[in-house]
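Visitor: My questions all concern the structure below.
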Amino acid sequence: MTIQEMKIGDSASTVKTIGESDVYLFAGITGDLNPAHTDEVSASQTPFGGRIAHGILSAGLISAVLGMRLPGPGTIYLGQELKFTKPVRFGDTVTATCTVSELLPEKNIVRLETICTNQDGDMVIKGMATVMPPRR
Ligand SMILES: C/C=C/C(=O)SCCNC(=O)CCNC(=O)[C@H](O)C(C)(C)COP(=O)(O)OP(=O)(O)OC[C@H]1O[C@@H](n2cnc3c(N)ncnc32)[C@H](O)[C@@H]1OP(=O)(O)O
């Protein structure tokens, strides 16, 4: 979508269950082998009581919404604020939702509220994205 086709309140989502294989693939791709994600014995001694997903793996679903749905293909990601408010555990189903909150047509820039929730409706990530939508 171009900025002219978007309006405040427009929203899009994607859903994914985050499995152990997703976490291990992400660890391998990024080199982030933090025991919080990869060592059940060590992670069982943390306040979370077991392994949790990388926060930025779940946040990647926000990028998927922006690049594939709203605004969609051709979007340039300019910035992202994130707060990780609850852990994502192996097997959790995360829904990432992006909602248009500000349109700056003179700069071709859009700001969107970005929220991820789990299958219980708990917010696991909240933040704001800044993007440049395709011009046509
Ligand atoms: C290197 C990479 C590692 C990873 O990827 S780890 C995976 C990603 N991270 C997570 O999954 C963390 C998810 N977040 C949580 O589970 C919870 O969140 C916490 C356990 C960290 C804290 O929760 P609680 O113990 O209930 O504390 P509270 O009462 O919510 O907050 C206490 C103070 O801490 C501030 N705070 C809490 N979370 C955040 C955050 N995400 N960003 C910034 N500040 C935070 C609050 O404001 C507050 O402060 P005030 O008492 O002054 O109001």
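Each chain in the structure tokens gets a letter, A, B, ..., in the order shown, and its residues are numbered from 1; ligands are numbered from 1 in order too.
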Around ligand 1, which protein and nucleic acid residues have at least one atom no more than 9 Å from it, if we count only C-alpha atoms and all ligand atoms? List them as JSON, numbers by chain.

Guide: {"A": [32, 34, 36, 37, 47, 48, 52, 53, 54, 55, 56, 57, 58, 82, 83, 84, 85, 86, 87, 88, 89, 124, 125, 126]}

Visitor: Output the selection as a PDB file, in the first residue's frame - C-alpha atoms for each residue.

Guide:
ATOM      1  CA  ASP A  32      23.061 -15.930  19.956  1.00  0.00           C
ATOM      2  CA  ASN A  34      22.411 -17.501  25.264  1.00  0.00           C
ATOM      3  CA  ALA A  36      18.341 -18.698  28.442  1.00  0.00           C
ATOM      4  CA  HIS A  37      17.306 -20.024  25.007  1.00  0.00           C
ATOM      5  CA  PRO A  47      12.989 -16.710  37.210  1.00  0.00           C
ATOM      6  CA  PHE A  48      11.381 -17.982  34.003  1.00  0.00           C
ATOM      7  CA  ILE A  52      12.370 -18.898  26.492  1.00  0.00           C
ATOM      8  CA  ALA A  53      12.500 -17.614  22.918  1.00  0.00           C
ATOM      9  CA  HIS A  54      14.813 -14.803  21.858  1.00  0.00           C
ATOM     10  CA  GLY A  55      12.831 -11.589  22.171  1.00  0.00           C
ATOM     11  CA  ILE A  56      13.987 -10.427  18.779  1.00  0.00           C
ATOM     12  CA  LEU A  57      12.755 -13.658  17.153  1.00  0.00           C
ATOM     13  CA  SER A  58       9.183 -12.818  18.121  1.00  0.00           C
ATOM     14  CA  LEU A  82      10.442  -2.489  21.531  1.00  0.00           C
ATOM     15  CA  LYS A  83       9.580  -3.489  25.076  1.00  0.00           C
ATOM     16  CA  PHE A  84       9.555  -7.173  25.983  1.00  0.00           C
ATOM     17  CA  THR A  85       6.800  -7.360  28.548  1.00  0.00           C
ATOM     18  CA  LYS A  86       6.356 -11.129  29.032  1.00  0.00           C
ATOM     19  CA  PRO A  87       8.434 -14.145  28.020  1.00  0.00           C
ATOM     20  CA  VAL A  88       7.584 -16.272  24.988  1.00  0.00           C
ATOM     21  CA  ARG A  89       7.902 -19.946  25.897  1.00  0.00           C
ATOM     22  CA  VAL A 124       4.556 -10.055  25.159  1.00  0.00           C
ATOM     23  CA  ILE A 125       5.945  -7.150  23.104  1.00  0.00           C
ATOM     24  CA  LYS A 126       4.844  -3.576  22.656  1.00  0.00           C
TER      25      LYS A 126
END

Visitor: Neighbours of Thr17 of chain A within 6 Å (only C-alpha atoms; same-chain residues fewer than 4 positions away dropped), as number ranges by chain?

Guide: A: 91-93

Visitor: So that I can see what lies close to Ile8 of chain A, please list as a PyMOL selection string the residues with an atom at most 9 Å from it, counting only C-alpha atoms and leaving out residues fewer than 2 positions away in the same chain.

Guide: chain A and resi 6+10-11+99-103+112

Visitor: Would you return as a list in words the members of segment 14-110 of chain A that DSSP assigns to strand (DSSP E or B) on this structure's backbone?

Guide: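 Residues of segment 14-110 of chain A classed as strand (DSSP E or B): Thr14, Val15, Lys16, Thr17, Ile52, Ile76, Tyr77, Leu78, Gly79, Gln80, Glu81, Leu82, Lys83, Phe84, Arg89, Thr93, Val94, Thr95, Ala96, Thr97, Cys98, Thr99, Val100, Ser101, Glu102, Leu103, Leu104, Ile109 and Val110 of chain A.
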
Visitor: If you keep N, CA and C atoms, can you produce a file of those selected residues as a PDB file, in the first residue's frame?

Guide:
ATOM      1  N   THR A  14      -0.081 -11.184  11.839  1.00  0.00           N
ATOM      2  CA  THR A  14       0.348 -12.516  11.440  1.00  0.00           C
ATOM      3  C   THR A  14       0.488 -13.365  12.706  1.00  0.00           C
ATOM      4  N   VAL A  15       0.354 -14.662  12.560  1.00  0.00           N
ATOM      5  CA  VAL A  15       0.358 -15.573  13.718  1.00  0.00           C
ATOM      6  C   VAL A  15       1.374 -16.678  13.481  1.00  0.00           C
ATOM      7  N   LYS A  16       2.145 -17.003  14.522  1.00  0.00           N
ATOM      8  CA  LYS A  16       3.086 -18.123  14.406  1.00  0.00           C
ATOM      9  C   LYS A  16       3.293 -18.774  15.766  1.00  0.00           C
ATOM     10  N   THR A  17       3.303 -20.098  15.775  1.00  0.00           N
ATOM     11  CA  THR A  17       3.699 -20.839  16.973  1.00  0.00           C
ATOM     12  C   THR A  17       5.224 -20.939  16.973  1.00  0.00           C
ATOM     13  N   ILE A  52      13.319 -19.794  27.151  1.00  0.00           N
ATOM     14  CA  ILE A  52      12.370 -18.898  26.492  1.00  0.00           C
ATOM     15  C   ILE A  52      12.946 -18.507  25.131  1.00  0.00           C
ATOM     16  N   ILE A  76      10.228   0.013   3.391  1.00  0.00           N
ATOM     17  CA  ILE A  76      11.560   0.165   3.993  1.00  0.00           C
ATOM     18  C   ILE A  76      11.366   0.400   5.492  1.00  0.00           C
ATOM     19  N   TYR A  77      12.033  -0.438   6.286  1.00  0.00           N
ATOM     20  CA  TYR A  77      11.966  -0.343   7.763  1.00  0.00           C
ATOM     21  C   TYR A  77      12.952   0.744   8.191  1.00  0.00           C
ATOM     22  N   LEU A  78      12.473   1.767   8.884  1.00  0.00           N
ATOM     23  CA  LEU A  78      13.353   2.864   9.301  1.00  0.00           C
ATOM     24  C   LEU A  78      13.733   2.782  10.772  1.00  0.00           C
ATOM     25  N   GLY A  79      12.837   2.242  11.576  1.00  0.00           N
ATOM     26  CA  GLY A  79      13.150   2.183  13.009  1.00  0.00           C
ATOM     27  C   GLY A  79      12.110   1.397  13.753  1.00  0.00           C
ATOM     28  N   GLN A  80      12.502   0.984  14.981  1.00  0.00           N
ATOM     29  CA  GLN A  80      11.590   0.158  15.783  1.00  0.00           C
ATOM     30  C   GLN A  80      11.918   0.338  17.262  1.00  0.00           C
ATOM     31  N   GLU A  81      10.915   0.706  18.044  1.00  0.00           N
ATOM     32  CA  GLU A  81      11.051   0.689  19.506  1.00  0.00           C
ATOM     33  C   GLU A  81      10.373  -0.580  20.013  1.00  0.00           C
ATOM     34  N   LEU A  82      10.983  -1.222  21.025  1.00  0.00           N
ATOM     35  CA  LEU A  82      10.442  -2.489  21.531  1.00  0.00           C
ATOM     36  C   LEU A  82      10.521  -2.530  23.051  1.00  0.00           C
ATOM     37  N   LYS A  83       9.495  -3.084  23.674  1.00  0.00           N
ATOM     38  CA  LYS A  83       9.580  -3.489  25.076  1.00  0.00           C
ATOM     39  C   LYS A  83       9.114  -4.930  25.161  1.00  0.00           C
ATOM     40  N   PHE A  84       9.898  -5.758  25.816  1.00  0.00           N
ATOM     41  CA  PHE A  84       9.555  -7.173  25.983  1.00  0.00           C
ATOM     42  C   PHE A  84       8.873  -7.295  27.339  1.00  0.00           C
ATOM     43  N   ARG A  89       7.403 -18.602  25.602  1.00  0.00           N
ATOM     44  CA  ARG A  89       7.902 -19.946  25.897  1.00  0.00           C
ATOM     45  C   ARG A  89       7.756 -20.831  24.672  1.00  0.00           C
ATOM     46  N   THR A  93       1.978 -19.460  20.894  1.00  0.00           N
ATOM     47  CA  THR A  93       1.530 -18.936  19.596  1.00  0.00           C
ATOM     48  C   THR A  93       1.443 -17.420  19.707  1.00  0.00           C
ATOM     49  N   VAL A  94       2.273 -16.757  18.905  1.00  0.00           N
ATOM     50  CA  VAL A  94       2.400 -15.300  18.986  1.00  0.00           C
ATOM     51  C   VAL A  94       1.665 -14.655  17.813  1.00  0.00           C
ATOM     52  N   THR A  95       0.867 -13.655  18.129  1.00  0.00           N
ATOM     53  CA  THR A  95       0.204 -12.844  17.102  1.00  0.00           C
ATOM     54  C   THR A  95       0.841 -11.464  17.112  1.00  0.00           C
ATOM     55  N   ALA A  96       1.387 -11.053  15.973  1.00  0.00           N
ATOM     56  CA  ALA A  96       1.948  -9.707  15.832  1.00  0.00           C
ATOM     57  C   ALA A  96       0.935  -8.849  15.083  1.00  0.00           C
ATOM     58  N   THR A  97       0.628  -7.697  15.660  1.00  0.00           N
ATOM     59  CA  THR A  97      -0.359  -6.794  15.059  1.00  0.00           C
ATOM     60  C   THR A  97       0.243  -5.398  14.933  1.00  0.00           C
ATOM     61  N   CYS A  98       0.116  -4.819  13.745  1.00  0.00           N
ATOM     62  CA  CYS A  98       0.606  -3.466  13.484  1.00  0.00           C
ATOM     63  C   CYS A  98      -0.589  -2.588  13.138  1.00  0.00           C
ATOM     64  N   THR A  99      -0.658  -1.427  13.773  1.00  0.00           N
ATOM     65  CA  THR A  99      -1.794  -0.514  13.579  1.00  0.00           C
ATOM     66  C   THR A  99      -1.253   0.873  13.249  1.00  0.00           C
ATOM     67  N   VAL A 100      -1.738   1.444  12.161  1.00  0.00           N
ATOM     68  CA  VAL A 100      -1.267   2.765  11.724  1.00  0.00           C
ATOM     69  C   VAL A 100      -1.670   3.815  12.758  1.00  0.00           C
ATOM     70  N   SER A 101      -0.678   4.569  13.252  1.00  0.00           N
ATOM     71  CA  SER A 101      -0.993   5.593  14.256  1.00  0.00           C
ATOM     72  C   SER A 101      -0.656   7.003  13.778  1.00  0.00           C
ATOM     73  N   GLU A 102       0.190   7.126  12.773  1.00  0.00           N
ATOM     74  CA  GLU A 102       0.576   8.462  12.299  1.00  0.00           C
ATOM     75  C   GLU A 102       0.996   8.389  10.842  1.00  0.00           C
ATOM     76  N   LEU A 103       0.527   9.354  10.050  1.00  0.00           N
ATOM     77  CA  LEU A 103       0.894   9.425   8.629  1.00  0.00           C
ATOM     78  C   LEU A 103       1.588  10.758   8.389  1.00  0.00           C
ATOM     79  N   LEU A 104       2.768  10.716   7.783  1.00  0.00           N
ATOM     80  CA  LEU A 104       3.513  11.949   7.457  1.00  0.00           C
ATOM     81  C   LEU A 104       3.742  11.961   5.942  1.00  0.00           C
ATOM     82  N   ILE A 109       6.441   8.886   5.376  1.00  0.00           N
ATOM     83  CA  ILE A 109       6.768   8.087   6.558  1.00  0.00           C
ATOM     84  C   ILE A 109       5.482   7.767   7.327  1.00  0.00           C
ATOM     85  N   VAL A 110       5.402   6.518   7.798  1.00  0.00           N
ATOM     86  CA  VAL A 110       4.250   6.058   8.575  1.00  0.00           C
ATOM     87  C   VAL A 110       4.753   5.489   9.895  1.00  0.00           C
TER      88      VAL A 110
END

Visitor: Quick check, in Å to one decimal: how far apart do atom CA of Thr2 of chain A and atom CA of Leu61 of chain A lie?

Guide: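 For atom CA of Thr2 of chain A relative to atom CA of Leu61 of chain A, the distance reads 21.1 Å.
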
Visitor: Point out the residue among A:Gly28, A:Gly74, A:Gly49, A:Thr38 with the least atom-to-atom distance to Arg135 of chain A, counting only C-alpha atoms.

Guide: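 Selected residue with least distance to Arg135 of chain A: A:Gly74.
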
Visitor: Considering only helix (DSSP H, G or I) as DSSP defines it on the backbone, what residues of chain A qualify? List them as a PyMOL selection string.

Guide: chain A and resi 3-5+20-30+35-38+40-43+55-68

Visitor: Have a look at A:Ala129, A:Ala43, A:Val65, A:Met123 and name the one nearest to Ala12 of chain A; count only C-alpha atoms.

Guide: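 Looking at the shortest contact to Ala12 of chain A, the residue is A:Val65.
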